[in-house]
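Q: Right, I'll just put the structure down here and ask away after.
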4 protein chains.
Amino acid sequence: MIKVGIVGASGYTGNELIRLLAAHPHAQLECLVSRSLAGRSVAQEQPALAGWAVWQYEDLDPAALAQRCDVVFTAVPHGAAMELAPPILQAGGKFIDLGTDFRFRNTDVYEQWYKTKHTQADLSHKAAYGLPELFRESIKTAHVVGNPGCYPTATLLAVGPLAKNRLIAVNDIIVNAVSGVSGAGATPKAMYHFPNCTENTQAYGTTTHRHTPEMEQGVAALAGGEPARVLFTPHLVPMGRGILSTVVVKPLQSDWTTERLTELYQDFYQSEPFVLVLGTDQLPQTKAVWGSNYCHIAVRYDSRSRRIVIQSVIDNLVKGAAGQAIQNMNLLFGLDETTGLNHPGILP
Amino acid sequence: MIKVGIVGASGYTGNELIRLLAAHPHAQLECLVSRSLAGRSVAQEQPALAGWAVWQYEDLDPAALAQRCDVVFTAVPHGAAMELAPPILQAGGKFIDLGTDFRFRNTDVYEQWYKTKHTQADLSHKAAYGLPELFRESIKTAHVVGNPGCYPTATLLAVGPLAKNRLIAVNDIIVNAVSGVSGAGATPKAMYHFPNCTENTQAYGTTTHRHTPEMEQGVAALAGGEPARVLFTPHLVPMGRGILSTVVVKPLQSDWTTERLTELYQDFYQSEPFVLVLGTDQLPQTKAVWGSNYCHIAVRYDSRSRRIVIQSVIDNLVKGAAGQAIQNMNLLFGLDETTGLNHPGILP
Amino acid sequence: MIKVGIVGASGYTGNELIRLLAAHPHAQLECLVSRSLAGRSVAQEQPALAGWAVWQYEDLDPAALAQRCDVVFTAVPHGAAMELAPPILQAGGKFIDLGTDFRFRNTDVYEQWYKTKHTQADLSHKAAYGLPELFRESIKTAHVVGNPGCYPTATLLAVGPLAKNRLIAVNDIIVNAVSGVSGAGATPKAMYHFPNCTENTQAYGTTTHRHTPEMEQGVAALAGGEPARVLFTPHLVPMGRGILSTVVVKPLQSDWTTERLTELYQDFYQSEPFVLVLGTDQLPQTKAVWGSNYCHIAVRYDSRSRRIVIQSVIDNLVKGAAGQAIQNMNLLFGLDETTGLNHPGILP
Amino acid sequence: MIKVGIVGASGYTGNELIRLLAAHPHAQLECLVSRSLAGRSVAQEQPALAGWAVWQYEDLDPAALAQRCDVVFTAVPHGAAMELAPPILQAGGKFIDLGTDFRFRNTDVYEQWYKTKHTQADLSHKAAYGLPELFRESIKTAHVVGNPGCYPTATLLAVGPLAKNRLIAVNDIIVNAVSGVSGAGATPKAMYHFPNCTENTQAYGTTTHRHTPEMEQGVAALAGGEPARVLFTPHLVPMGRGILSTVVVKPLQSDWTTERLTELYQDFYQSEPFVLVLGTDQLPQTKAVWGSNYCHIAVRYDSRSRRIVIQSVIDNLVKGAAGQAIQNMNLLFGLDETTGLNHPGILP
């Protein structure tokens with residue numbers, strides 16, 4: 001059994017890791033760290049796990065964590081994870097950060113967008129970007145995985161086949177996305193107060209959202225290093241979970257059809273267990289992947305504007321966070337990638 | 001492997017059976033009947049099962065069903081299931097009806113409330129009422145199971161410990177409940193049209209809801225045959241899934257406390273894997289059991305009015321329908337009752 | 001023009017007062033007090049009033065308030081309003097408290113349930129309970145009005161015709177109600193965080209909710225002083241606004257019919273502009289009164305249990321708070337009671 | 001008083017016309033046509049108008065309509081309105097179509113996208129496009145007004161200042177928008193069934209939505225006839241009302257700032273009563289205009305991609321349909337444009 005530690009176990013992402021790992025046949029929840037809830041039982045604090053969860057939250061003790069765990073997941077604010085990696089790695093453990101501290105190969109970009117000094121630039125350079133469908137090989141041998149952000153996961157899976165095949169202008173990518181409110185975390189704020197959210201779509205972070213450089217890094221990596229430019233506009237919609245990303249790109253050649261693009265995508269993802277490319281008669285909806293690690297994608301060619309539109313959906317807490325992190329853990333430990341994740345979305 | 005047939009496989013309940021049985025280690029989906037979608041693939045018709053489900057809907061052929069299946073689930077309108085039972089039973093199969101045709105021991109009551117002639121009164125008399133926590137023994141040896149309605153499931157689990165211990169006036173039970181809209185099925189109607197439901201709580205069926213006699217039958221059976229009287233008021237609230245039932249009863253003795261009642265309930269349900277009695281500091285919420293087979297219950301004594309208030313929550317499509325039906329199947333086939341159902345609710 | 005002051009102008013209730021009074025032909029918003037937002041413009045702070053509201057929030061100055069205003073509305077936590085009344089009254093102004101400080105004739109009950117010393121017991125004894133349909137005469141001549149709670153408004157309108165006509169056992173009233181989340185106010189808390197509320201019905205305050213004694217006081221007053229007993233169970237449902245109250249009572253005589261009860265209710269409320277008694281073929285829904293000062297009521301006789309079930313709906317921020325307060329202001333100043341409130345609900 | 005007829009009075013748009021016109025000081029609802037509900041009372045059929053509306057639905061009789069009404073609003077499927085215009089106009093009445101039959105100056109475009117023969121091409125050529133903020137003069141003198149679609153209203157108001165000032169490449173406009181479900185009308189369908197919509201964002205109409213040519217016509221008209229190209233991607237989000245449109249355009253010059261753009265927009269719309277340009281520290285949210293005729297707009301310059309992003313919100317049933325139609329009626333009859341529409345959004 002893989003002994004697992006989770007730091008930040010009481011937030012939405014940490015809680016989702018517990019939910020999913022508890023059913024994982026080769027993982028064992030060894031240490032659940034929550035500074036605010038240390039000493040409390042998970043069952044008491046998480047109503048959905050009441051009568052089911054047997055664990056207690058513990059305070060943070062990096063040395064003990066390193067000792068007891070084969071892998072540590074961190075689901076903490078940016079800046080908090082980077083210091084935790086060295087002790088785990090020195091003890092021979094693997095480190096999967098669900099935050100942003102290890103997502104950037106170029107830590108200058110991190111420092112610029114996150115206004116935080118990166119103290120483990122070396123580790124960050126060597127870390128793998130944990131999007132298995134696009135960067136699987138580097139993950140397998142990594143010691144540190146930077147688990148992708150929710151918007152970048154949906155968007156890079158959408159644009160991946162075109163970027164990797166060098167079929168589009170990677171410096172002209174327009175991304176509009178909507179997210180359910182759990183993407184903002186478990187901390188109550190006025191913007192996420194139910195009466196302010198219900199019946200409300202809210203614009204936020206227009207031209208300034210921090211997932212922008214992460215998308216650009218991903219696209220550039222796929223396109224052989226060609227610098228990418230993404231204009232990203234996120235929106236908050238009144239649902240708990242789910243992301244839908246609509247990506248508009250300019251193809252280098254203009255003789256595409258929706259049929260040929262669909263074929264290209266279906267070929268590209270044909271052996272991927274978690275990516276489904278919808279047919280030309282279907283479009284994605286977030287609830288079809290609710291609670292699951294799936295990503296559904298549809299692609300269209302608009303001959304009028306000579307653009308390609310790709311639309312993808314994920315559950316932001318699963319494929320956009322905890323599920324993908326477990327997929328990465330499976331890769332790190334040589335397990336079948338779908339272990340513990342093999343269930344469909346729940347609709348209705 | 002238990003070979004399973006589902007009649008009415010394309011409705012919400014049938015679809016939930018597919019979702020849950022596909023992950024059941026000892027069941028195999030052998031025949032999915034949907035007259036309206038016969039010949040279509042499940043993956044094509046159910047977006048959440050796209051890329052995951054391998055089955056096709058078939059037309060109804062009772063003889064073939066009897067031949068091919070060890071157990072048949074029916075999730076069809078009342079009146080449609082009763083005729084399907086005999087051929088299945090004659091071929092040695094088990095029959096679990098998720099509708100109302102086999103819920104009543106006294107088919108006069110059925111005929112009166114459902115305005116439908118019952119053609120299989122004998123079978124109905126011998127059928128088990130499939131609420132394992134309260135009627136487990138009769139289910140184990142049954143050939144036909146009438147799977148309980150969603151409101152009766154939540155309500156009978158709430159009132160069970162008191163009724164069975166003869167602690168309340170069973171002729172004076174007041175039940176108020178709210179349900180998510182999936183309880184009304186998958187057929188679009190104005191009342192369930194999204195713009196008419198969002199931001200709306202709707203009263204319906206006041207004093208006339210057909211789950212009333214089912215609750216009364218259940219309470220009476222628990223109370224040794226004493227006639228029960230239930231005043232039931234359901235409401236539709238703007239959520240997809242979930243039922244919360246608030247039950248107000250009069251204790252025969254007035255020296256109760258919330259603590260003693262909670263203890264009584266915890267003792268009563270202590271070995272039940274799917275029922276959790278909350279402590280005196282917690283109250284139930286529907287999302288804590290979302291997608292799961294759990295029922296959460298809290299009980300309070302109101303010394304001012306000398307009444308006991310019990311509140312229970314279930315997911316109407318799981319413990320209130322498909323999950324409980326599988327729990328019954330497990331009992332019928334001598335499996336551990338939790339097989340295929342052992343996962344928590346999903347919150348958020 | 002009536003010069004209006006509002007203390008607590010930045011909460012949901014205060015904001016709703018602004019929205020409604022701004023369109024009132026005989027009222028003028030003179031002073032909007034918000035300690036937290038003093039000096040800020042309403043238009044800047046309230047996105048729905050952006051480009052429309054011309055006022056600024058001010059700090060609290062009771063003397064100035066008394067000087068400048070003909071009437072002061074207080075929408076503040078309990079305990080904070082009682083001290084503000086004397087200066088206003090001494091200056092000749094009227095005082096309408098939307099909180100609980102002036103709802104109780106018997107301040108012992110207030111002190112017991114609210115755990116707060118009442119420093120203005122005399123004023124509270126003389127204050128009018130501001131439910132015009134049931135206590136209109138005392139409001140007209142009052143100087144202080146205790147504006148009813150949202151649940152008591154819906155519930156007392158539901159039970160009023162029966163209590164006033166002495167047709168029911170007032171010591172055996174069972175109230176179940178659901179509320180939208182705005183009823184909990186504008187302050188973000190985990191229980192009201194969108195991802196925790198969506199798809200969730202939550203029980204809370206079972207047997208302990210503070211609106212219980214307010215309902216009992218109202219019923220007793222209607223029933224000529226006979227002590228009343230209410231068992232009240234509230235629930236939180238995933239909508240922004242709206243209350244539905246389901247009231248179950250025991251009639252003193254058992255020869256009722258739904259038709260006769262409906263007639264009784266229609267007669268009782270026939271000249272009330274804001275109460276609509278639905279016919280025997282309709283049941284109330286909260287969205288039908290969304291944004292309006294209406295209350296819709298339906299009544300049923302259940303011959304099986306010999307109980308009467310009454311169901312009522314209001315918008316908790318309008319008829320349950322700000323709208324009713326304005327209705328009271330209209331009465332205090334001799335205006336037509338519907339002034340500024342004469343618009344229907346918004347559905348969808 | 002202006003005598004008003006509404007054809008299609010029982011749909012969402014027709015109903016919203018009734019709600020708003022009933023409060024209009026210079027309009028009188030003379031004839032409400034609904035073929036399906038002819039003879040029924042509005043109060044009976046529309047729960048929010050129960051106890052408030054005094055009208056009855058009538059069957060369609062074009063001659064009588066022409067006789068009795070000064071203006072006729074049509075809220076009917078495309079193809080049904082065009083035949084109704086001539087009799088109204090011949091009798092001297094005004095005609096405002098809330099559908100698509102009179103939105104296109106070039107009826108070839110209409111015929112191509114709507115697959116319907118246009119039988120009144122002449123009338124369509126002379127009709128005014130009823131977006132007052134951008135085409136006010138032509139509306140004032142019109143006899144027929146084609147009331148804009150909901151998405152085009154939000155989008156053209158967003159892009160108007162830039163298009164009219166010839167500051168952008170009008171052949172490269174990318175529009176992503178989300179809509180509440182009432183935009184799809186009142187007819188129940190599976191896609192709009194509550195359990196399928198809640199917690200779900202659904203892509204639909206990607207590259208094929210019929211509002212695309214309407215946006216292109218509008219932009220071209222603003223830009224002096226220069227052909228426009230719009231790539232439009234709509235999405236359905238789980239709310240009843242509201243549209244948010246995110247428009248990405250390429251400026252002809254690249255030396256913009258968000259501050260200068262905001263100033264440009266504020267100048268452009270400074271005397272418009274219903275358009276509010278938000279400051280550089282605010283972004284729009286749909287609920288801020290819920291139930292109102294307002295449009296809120298924010299504009300940003302993204303120096304990284306050298307694009308301008310404009311985001312606008314409206315209530316699809318008010319500014320996107322009935323409210324704007326009344327604004328047009330006010331213009332046609334020389335009234336103050338805000339008559340009957342002068343109220344803010346409702347939040348929460």
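If you're wondering about the labels, chains in the structure tokens are A, B, ... by order shown, residues count from 1 in each chain, ligands from 1 in order shown.
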Could you go through region 19-213 of chain B and tell me which residues DSSP, when run on the backbone, assigns to alpha helix (DSSP H), listing them as a count of residues only?
A: 65
Q: If we count only C-alpha atoms and set the cut-off at 9 Å, which residues sit around region 84-87 of chain B, ignoring sequence neighbours fewer than 4 positions away in its own chain? Please answer as a ChimeraX atom specification.
A: /B:62-63,65-66,72,74,80,91-97,120,123,144
Q: Convert the current residue selection to file output with N, CA, C and O atoms, as an mmCIF file, in the first residue's frame.
A:
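Wrote again.cif, looks like this:
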```
data_model
loop_
_atom_site.group_PDB
_atom_site.id
_atom_site.type_symbol
_atom_site.label_atom_id
_atom_site.label_comp_id
_atom_site.auth_asym_id
_atom_site.auth_seq_id
_atom_site.Cartn_x
_atom_site.Cartn_y
_atom_site.Cartn_z
ATOM 1 N N PRO B 62 -40.313 -10.082 -22.852
ATOM 2 C CA PRO B 62 -40.350 -10.714 -21.528
ATOM 3 C C PRO B 62 -39.754 -12.117 -21.508
ATOM 4 O O PRO B 62 -39.045 -12.481 -20.556
ATOM 5 N N ALA B 63 -39.992 -12.864 -22.550
ATOM 6 C CA ALA B 63 -39.486 -14.237 -22.551
ATOM 7 C C ALA B 63 -37.961 -14.243 -22.576
ATOM 8 O O ALA B 63 -37.304 -14.971 -21.813
ATOM 9 N N LEU B 65 -36.006 -11.894 -21.649
ATOM 10 C CA LEU B 65 -35.565 -11.333 -20.374
ATOM 11 C C LEU B 65 -35.509 -12.436 -19.315
ATOM 12 O O LEU B 65 -34.533 -12.555 -18.556
ATOM 13 N N ALA B 66 -36.563 -13.215 -19.270
ATOM 14 C CA ALA B 66 -36.647 -14.306 -18.303
ATOM 15 C C ALA B 66 -35.520 -15.305 -18.519
ATOM 16 O O ALA B 66 -34.919 -15.820 -17.566
ATOM 17 N N VAL B 72 -34.420 -9.160 -12.537
ATOM 18 C CA VAL B 72 -34.900 -8.065 -13.378
ATOM 19 C C VAL B 72 -35.364 -6.917 -12.490
ATOM 20 O O VAL B 72 -36.135 -7.125 -11.549
ATOM 21 N N THR B 74 -37.440 -3.427 -12.556
ATOM 22 C CA THR B 74 -38.371 -2.647 -13.378
ATOM 23 C C THR B 74 -38.478 -1.234 -12.816
ATOM 24 O O THR B 74 -38.698 -1.033 -11.621
ATOM 25 N N ALA B 80 -47.418 -1.081 -15.092
ATOM 26 C CA ALA B 80 -46.645 -1.722 -16.159
ATOM 27 C C ALA B 80 -45.769 -2.863 -15.659
ATOM 28 O O ALA B 80 -45.375 -3.733 -16.433
ATOM 29 N N ALA B 91 -39.328 -18.499 -14.734
ATOM 30 C CA ALA B 91 -38.014 -18.942 -15.216
ATOM 31 C C ALA B 91 -36.997 -19.016 -14.081
ATOM 32 O O ALA B 91 -35.818 -19.257 -14.319
ATOM 33 N N GLY B 92 -37.462 -18.760 -12.853
ATOM 34 C CA GLY B 92 -36.561 -18.869 -11.711
ATOM 35 C C GLY B 92 -35.824 -17.605 -11.346
ATOM 36 O O GLY B 92 -34.940 -17.616 -10.492
ATOM 37 N N GLY B 93 -36.188 -16.517 -12.004
ATOM 38 C CA GLY B 93 -35.500 -15.259 -11.720
ATOM 39 C C GLY B 93 -36.108 -14.518 -10.540
ATOM 40 O O GLY B 93 -37.189 -14.858 -10.050
ATOM 41 N N LYS B 94 -35.386 -13.500 -10.092
ATOM 42 C CA LYS B 94 -35.882 -12.620 -9.041
ATOM 43 C C LYS B 94 -36.398 -11.347 -9.702
ATOM 44 O O LYS B 94 -35.942 -10.972 -10.790
ATOM 45 N N PHE B 95 -37.287 -10.673 -9.004
ATOM 46 C CA PHE B 95 -37.957 -9.523 -9.593
ATOM 47 C C PHE B 95 -37.963 -8.371 -8.588
ATOM 48 O O PHE B 95 -38.497 -8.506 -7.480
ATOM 49 N N ILE B 96 -37.373 -7.264 -8.954
ATOM 50 C CA ILE B 96 -37.344 -6.089 -8.070
ATOM 51 C C ILE B 96 -37.988 -4.921 -8.798
ATOM 52 O O ILE B 96 -37.463 -4.433 -9.795
ATOM 53 N N ASP B 97 -39.142 -4.520 -8.304
ATOM 54 C CA ASP B 97 -39.866 -3.414 -8.951
ATOM 55 C C ASP B 97 -39.588 -2.107 -8.210
ATOM 56 O O ASP B 97 -39.888 -1.996 -7.018
ATOM 57 N N GLN B 120 -52.124 -8.875 -10.115
ATOM 58 C CA GLN B 120 -51.252 -9.893 -9.503
ATOM 59 C C GLN B 120 -51.302 -9.781 -7.986
ATOM 60 O O GLN B 120 -50.262 -9.722 -7.319
ATOM 61 N N LEU B 123 -49.187 -12.224 -5.941
ATOM 62 C CA LEU B 123 -47.759 -11.909 -5.915
ATOM 63 C C LEU B 123 -47.478 -10.737 -4.996
ATOM 64 O O LEU B 123 -46.483 -10.700 -4.285
ATOM 65 N N VAL B 144 -40.103 -11.637 -5.110
ATOM 66 C CA VAL B 144 -40.486 -10.326 -5.623
ATOM 67 C C VAL B 144 -40.241 -9.297 -4.529
ATOM 68 O O VAL B 144 -40.653 -9.495 -3.383
#
```
Q: Smallest atom-to-atom distance to chain D: which of A:Val159, A:Val230, A:Leu60, A:Met82, using only C-alpha atoms?
A: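 Of the candidates, the smallest distance to chain D is held by A:Val230.
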Q: As a ChimeraX atom specification, could you give me every residue of chain B near chain A (at most 9 Å apart, counting only C-alpha atoms)?
A: /B:12,15-16,19,22-23,46-53,182,198-199,240-241,273-278,284-285,287-291,296,342-348
Q: May I have the residues within 10 Å of Met191 (chain C) as a PyMOL selection string, using only C-alpha atoms and disregarding those fewer than 3 positions away in the same chain?
A: (chain A and resi 188+193-194) or (chain C and resi 181+184+188+194-197+202+236)
Q: Write out as a count of residues only all residues of region 247-287 of chain C that backbone DSSP assigns to strand (DSSP E or B).
A: 9
